[in-house]
Every structure is written in C-alpha cells, then in structure tokens.
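S.K.: Next up is a structure, given as structure tokens.
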Amino acid sequence: MKRVVIAAMVLLLVSVCVVPFASAEELKVVTLNIWSGLDYEGVFKFGEYESDDVREARYDTQIELLRSLDPDILTTNENTKLPRNAKFIAKGLGMDYVHHVAMGGIRIGNVGIPVNYREGDVIFARDGLNLTDGGKRKLSGGGITGDCVTIHTTESRQVICGVIEVAGRDVYIFNAHIHASVANQPWVYEKLEEMYKAGEMTEEEYLFEVEDMKTRAENRAEEVRGILAFIEETVPEGAPIILMGDFNAEVVSPEIQQIIDAGFIDSYSLMNPDDPGYTWDPEKNQNIIDYYTPIKDTMSVGDQIDYFAQYRIDLIFVGGSLTAENVLESGLVLDEMVDGQHPSDHFGVMTIIDIP
C-alpha cells in the first residue's frame, strides 16, 4: 500500500512540474500586396503610375508602418525589381527573407526588357525563426520564370514556400499570388446583363465578357488546385500550415472554396464574421482613386467592374495541425493614409496565431 501511495505522489509531482513547461508561441503574420505601380504596357519599359519620388516615399511609408506592426512573418506580392526590393524591406525591418521571381519578360540576370520588370513574391521572417526556402511552384503561364533567367511573354503566377522553426517544430508558410479578373459571382452576371439591356454594350461584347469571366475563373480554380497540390507534396503530416497572399478572389468564390474544402480556415472571417474587411476598396483607397479612376473609360467592361468593386481578396488561412482555436486575432492593417497617400493599392491583413 505504501508503495502505491509513493508512486501516486511521484506521478502527481511529475505532472505538476512538467505541465508548466509545455510551450506555445504566438506568431503575428501580415500579408500585403505592396503594389508594383506598373501599368504593364510597353516593350522596352512598362509605364509607371507614380513618379520615382512618390513611389520611394510610398515604400518608405510601408517600412515605417510595418516596423510599427512588428510582424513575425510578412508575405508580400508584386515586389518588382527583385531582389533589390526584397533586400530594401528586409533591411528596413531587420528580417530574413526568401524570394522567387514570377515574371520578368526576357531577361538574363539583371539585363533584359522591360527594364523595370522583375516581379515576384517574398516571405520575410524575424531573426531567430531560422527561415529556409521551401521552394516554389508555377501555377500558370508558359516559358521560363526564375531568379536568374526569365523568358516569357504572358502572365505567370506562382506560390512560394518558406519554413520556420517555432516552439520546437517546423511551420510551413505559403505565399500565393493568383490571376486577377472580374469575380465569377451572380451580381456580376446581373450587372453585365443590365448593361447589355441598357444598350451600354453590344451582344457580341456581352457574350465575350460572360465567356471571358468563366474562362478566367476556371484558370484561377486551376491555380488554386496547384497550390493545394504543392502544399500536399511539401508538408509532412501533422505540421502547422499558414497560407496567405493575394488570391484575387473572395472566399465565397468557387475557386477559393476549394481551400476551405481542403480543411483550411479563413482567419479574418473567423474573427470578424460581420465585417466585410475589404482589402481592395476603390471607395477608400486613394491610390485607386488617383491612378485608376482617370483611366476608367479606357478599360474593358470587365476591368471596369473588377477595378471599381469592393473585395476582400488578400487572405490568411491556417491549416494542417492548426485549428480555429489557434487563431487569436485578425484585422486590416496599412489601411490608413500617410501624407495624403495609402501605402499600396491594397490594404493588408494581420492575424495572430498560437503555435502549440
């Protein structure tokens, strides 16, 4: 009997001593499309919406606001003039980074055309998280796209991966940027039909826009399937996954619903079920108002609808071993103006995640 009592006391002491040492760590993650400022028109050089001085001031504002947020993880899209842009952000924030070029025209090393076009995606991590490069997957577009050589004449999209160490385990970070086009939503079909019946577009234009919208949505759905396949191939079973970036489609769209169906949780809507949280907002974002509104009449009907509708398209998902219980907070960031200008044409999203 005495041995039983002693054994029970030992077990109790062990449990009391061990439980307090069970560790967890909170990660503050931020995603932002930093805006290239390019119009993607031209051969030798793409047109730029801003002057050099205005763009540099906007990038400085990004650094200032991000530094005040102090994220553990930051993913950015539309980084142009890579790797210089990534180095600039990493130095300003004191973070490590991995990057991959997605588009660059015809280029070998630093030489090529368009001269101001070397765009891609970046994952930044604070010092101590031991960030390593987990590779990339091209989601669409032909030709060659890479950090050293790009040879392509059509749009190319990708997802990249970075691996960090948190609370003694590997956490997989994915940064995606997929194709942009008008939303494949019922309200868009209604809008197009309304314009057609009002004589604002011909039957040929109407049929083209409807078919083009369906085709582009399916292309985006195929890109999402590529993201999910890359995650499945890359991540060992039971590991925490954070998937973020510019998806150019809302969570309610059929293409993004594939991510939800795969078991991922949209952190923003989880924490803000009654808030639309628009990250593309032509009613509030001064860059959209200043640079896109004046050229609205030159856009196709589809682009006019797409550019001037409000969407939440910049998203942060948790998956793998992470559940809804691991999401502590989520909200919009970098949505304020500084000196009369927003830091991007997108607003950013921040989520705080508990890594057990």
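Please note that chains go A, B, ... in the order of the structure tokens, that every chain numbers its residues from 1, and that ligands are numbered from 1 in the order shown.
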What are the DSSP alpha helix (DSSP H) residues of segment 124-237 of chain A, as number ranges by chain?

M.R.: A: 186-197, 203-234

S.K.: Kindly save the residues from that selection, with C-alpha atoms included, as an mmCIF file, in the first residue's frame.

M.R.:
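Writing done, so here's result-v7.cif:
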```cif
data_model
loop_
_atom_site.group_PDB
_atom_site.id
_atom_site.type_symbol
_atom_site.label_atom_id
_atom_site.label_comp_id
_atom_site.auth_asym_id
_atom_site.auth_seq_id
_atom_site.Cartn_x
_atom_site.Cartn_y
_atom_site.Cartn_z
ATOM 1 C CA PRO A 186 -24.061 36.242 -59.637
ATOM 2 C CA TRP A 187 -24.026 40.017 -59.151
ATOM 3 C CA VAL A 188 -21.505 40.370 -61.999
ATOM 4 C CA TYR A 189 -23.718 38.439 -64.415
ATOM 5 C CA GLU A 190 -26.628 40.655 -63.370
ATOM 6 C CA LYS A 191 -24.519 43.778 -63.919
ATOM 7 C CA LEU A 192 -23.442 42.658 -67.391
ATOM 8 C CA GLU A 193 -26.998 41.790 -68.381
ATOM 9 C CA GLU A 194 -28.177 45.138 -67.070
ATOM 10 C CA MET A 195 -25.580 46.978 -69.173
ATOM 11 C CA TYR A 196 -26.455 44.921 -72.249
ATOM 12 C CA LYS A 197 -30.188 45.611 -71.924
ATOM 13 C CA GLU A 203 -24.495 41.476 -77.804
ATOM 14 C CA GLU A 204 -21.044 40.439 -79.033
ATOM 15 C CA GLU A 205 -19.366 42.352 -76.197
ATOM 16 C CA TYR A 206 -21.812 40.913 -73.671
ATOM 17 C CA LEU A 207 -21.240 37.303 -74.749
ATOM 18 C CA PHE A 208 -17.462 37.848 -74.820
ATOM 19 C CA GLU A 209 -17.384 39.251 -71.266
ATOM 20 C CA VAL A 210 -19.511 36.398 -69.892
ATOM 21 C CA GLU A 211 -17.358 33.733 -71.539
ATOM 22 C CA ASP A 212 -14.124 35.510 -70.594
ATOM 23 C CA MET A 213 -15.240 35.707 -66.964
ATOM 24 C CA LYS A 214 -15.977 31.978 -66.848
ATOM 25 C CA THR A 215 -12.653 31.098 -68.503
ATOM 26 C CA ARG A 216 -10.612 33.270 -66.147
ATOM 27 C CA ALA A 217 -12.414 31.906 -63.101
ATOM 28 C CA GLU A 218 -11.611 28.359 -64.179
ATOM 29 C CA ASN A 219 -7.978 29.377 -64.716
ATOM 30 C CA ARG A 220 -7.937 30.716 -61.174
ATOM 31 C CA ALA A 221 -9.522 27.494 -59.904
ATOM 32 C CA GLU A 222 -6.767 25.522 -61.621
ATOM 33 C CA GLU A 223 -4.163 27.728 -59.937
ATOM 34 C CA VAL A 224 -5.753 27.003 -56.558
ATOM 35 C CA ARG A 225 -5.579 23.280 -57.279
ATOM 36 C CA GLY A 226 -1.886 23.790 -57.965
ATOM 37 C CA ILE A 227 -1.449 25.490 -54.586
ATOM 38 C CA LEU A 228 -3.134 22.626 -52.757
ATOM 39 C CA ALA A 229 -1.091 20.030 -54.641
ATOM 40 C CA PHE A 230 2.153 21.874 -53.788
ATOM 41 C CA ILE A 231 1.177 22.005 -50.104
ATOM 42 C CA GLU A 232 0.356 18.296 -50.065
ATOM 43 C CA GLU A 233 3.695 17.426 -51.653
ATOM 44 C CA THR A 234 5.710 19.740 -49.394
#
```

S.K.: Restrict the calculation to only C-alpha atoms, then for each residue of segment 83-120 of chain A with any atom at most 12 Å from an atom of segment 27-48 of chain A give the closest atom pair and their distance in Å to one decimal, rows by chain and rising residue number, as a tab-separated table.

M.R.:
```
residue	atom	partner	partner_atom	distance
A:Asn85	CA	A:Ser36	CA	10.3
A:Ala86	CA	A:Ile34	CA	11.1
A:Ile89	CA	A:Ile34	CA	10.7
A:Met103	CA	A:Tyr40	CA	11.2
A:Gly104	CA	A:Tyr40	CA	11.1
A:Gly105	CA	A:Val43	CA	9.1
A:Ile106	CA	A:Val43	CA	10.1
A:Arg107	CA	A:Phe44	CA	11.7
A:Val111	CA	A:Phe44	CA	11.6
A:Gly112	CA	A:Phe44	CA	8.7
A:Ile113	CA	A:Phe44	CA	5.4
A:Pro114	CA	A:Lys45	CA	4.4
A:Val115	CA	A:Lys45	CA	5.4
A:Asn116	CA	A:Lys45	CA	6.1
A:Tyr117	CA	A:Phe46	CA	7.3
A:Arg118	CA	A:Ser36	CA	10.0
A:Glu119	CA	A:Ser36	CA	8.0
A:Gly120	CA	A:Ser36	CA	9.9
```

S.K.: Just the number, please: distance in Å from atom CA of Lys138 of chain A to atom CA of Ile256 of chain A, one decimal.

M.R.: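 Spanning atom CA of Lys138 of chain A to atom CA of Ile256 of chain A is a straight-line distance of 17.8 Å.
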
S.K.: Can you pull out every residue from segment 159-235 of chain A that DSSP, working from the backbone, puts in strand (DSSP E or B), and format the result as a PyMOL selection string?

M.R.: chain A and resi 159-166+169-177

S.K.: Measuring between only C-alpha atoms, which one of A:Pro254, A:Gly245, A:Gly319, A:Pro356 shows the shortest distance to Arg169 of chain A?

M.R.: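 Checking each of A:Pro254, A:Gly245, A:Gly319, A:Pro356 against Arg169 of chain A, counting only C-alpha atoms, the winner is A:Pro356.
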
S.K.: Atom CA of Gly142 of chain A to atom CA of Ser156 of chain A: how many Å, to one decimal?

M.R.: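 These atoms are spaced 7.1 Å apart.
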
S.K.: Looking at A:Ile259, A:Asp133, A:Thr76, A:Gly162, which one is nearest to His177 of chain A, with distances taken over only C-alpha atoms?

M.R.: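 Checking each of A:Ile259, A:Asp133, A:Thr76, A:Gly162 against His177 of chain A, counting only C-alpha atoms, the winner is A:Thr76.
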
S.K.: Give me the residues near Thr132 of chain A as a PDB file with C-alpha atoms, in the first residue's frame, where near means some atom within 12 Å (using only C-alpha atoms) and where sequence neighbours in that chain fewer than 3 positions away do not count.

M.R.:
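Final file, part_18.pdb:
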```pdb
ATOM      1  CA  ASP A  96      15.380  37.387 -43.068  1.00  0.00           C
ATOM      2  CA  TYR A  97      13.736  36.623 -46.404  1.00  0.00           C
ATOM      3  CA  VAL A  98      13.304  34.176 -49.256  1.00  0.00           C
ATOM      4  CA  HIS A  99      12.047  35.287 -52.654  1.00  0.00           C
ATOM      5  CA  ILE A 123       8.418  35.720 -47.409  1.00  0.00           C
ATOM      6  CA  PHE A 124      10.062  37.622 -44.528  1.00  0.00           C
ATOM      7  CA  ALA A 125      10.658  36.249 -41.019  1.00  0.00           C
ATOM      8  CA  ASP A 127      15.555  36.814 -36.816  1.00  0.00           C
ATOM      9  CA  GLY A 128      15.555  33.644 -34.740  1.00  0.00           C
ATOM     10  CA  LEU A 129      12.849  31.799 -36.676  1.00  0.00           C
ATOM     11  CA  GLY A 135      10.724  26.094 -52.971  1.00  0.00           C
ATOM     12  CA  ILE A 160       6.300  30.007 -52.802  1.00  0.00           C
ATOM     13  CA  CYS A 161       7.132  28.292 -49.521  1.00  0.00           C
ATOM     14  CA  GLY A 162       9.236  29.168 -46.503  1.00  0.00           C
ATOM     15  CA  VAL A 163       9.855  27.015 -43.415  1.00  0.00           C
ATOM     16  CA  ILE A 164      10.383  28.457 -39.936  1.00  0.00           C
ATOM     17  CA  GLU A 165      11.014  26.945 -36.502  1.00  0.00           C
ATOM     18  CA  ASP A 170       8.634  23.362 -38.310  1.00  0.00           C
ATOM     19  CA  VAL A 171       5.879  25.702 -39.505  1.00  0.00           C
ATOM     20  CA  TYR A 172       5.215  25.936 -43.246  1.00  0.00           C
ATOM     21  CA  ILE A 173       4.458  29.374 -44.720  1.00  0.00           C
TER      22      ILE A 173
END
```

S.K.: Show me, as a ChimeraX atom specification, the residues that have an atom within 9 Å of Ile355 of chain A when counting only C-alpha atoms, minus same-chain residues fewer than 6 positions from it.

M.R.: /A:23-27,166-167,171,240,322,326

S.K.: Identify which of the residues A:Ile144, A:Ala262, A:Ile352, A:Ala176 lies closest to Glu78 of chain A, counting only C-alpha atoms when measuring atom-to-atom distances.

M.R.: A:Ala176

S.K.: Return the single residue from A:Val235, A:Val349, A:Asp70, A:Ala90 that is closest to Gly134 of chain A, with distances computed using only C-alpha atoms.

M.R.: A:Val235
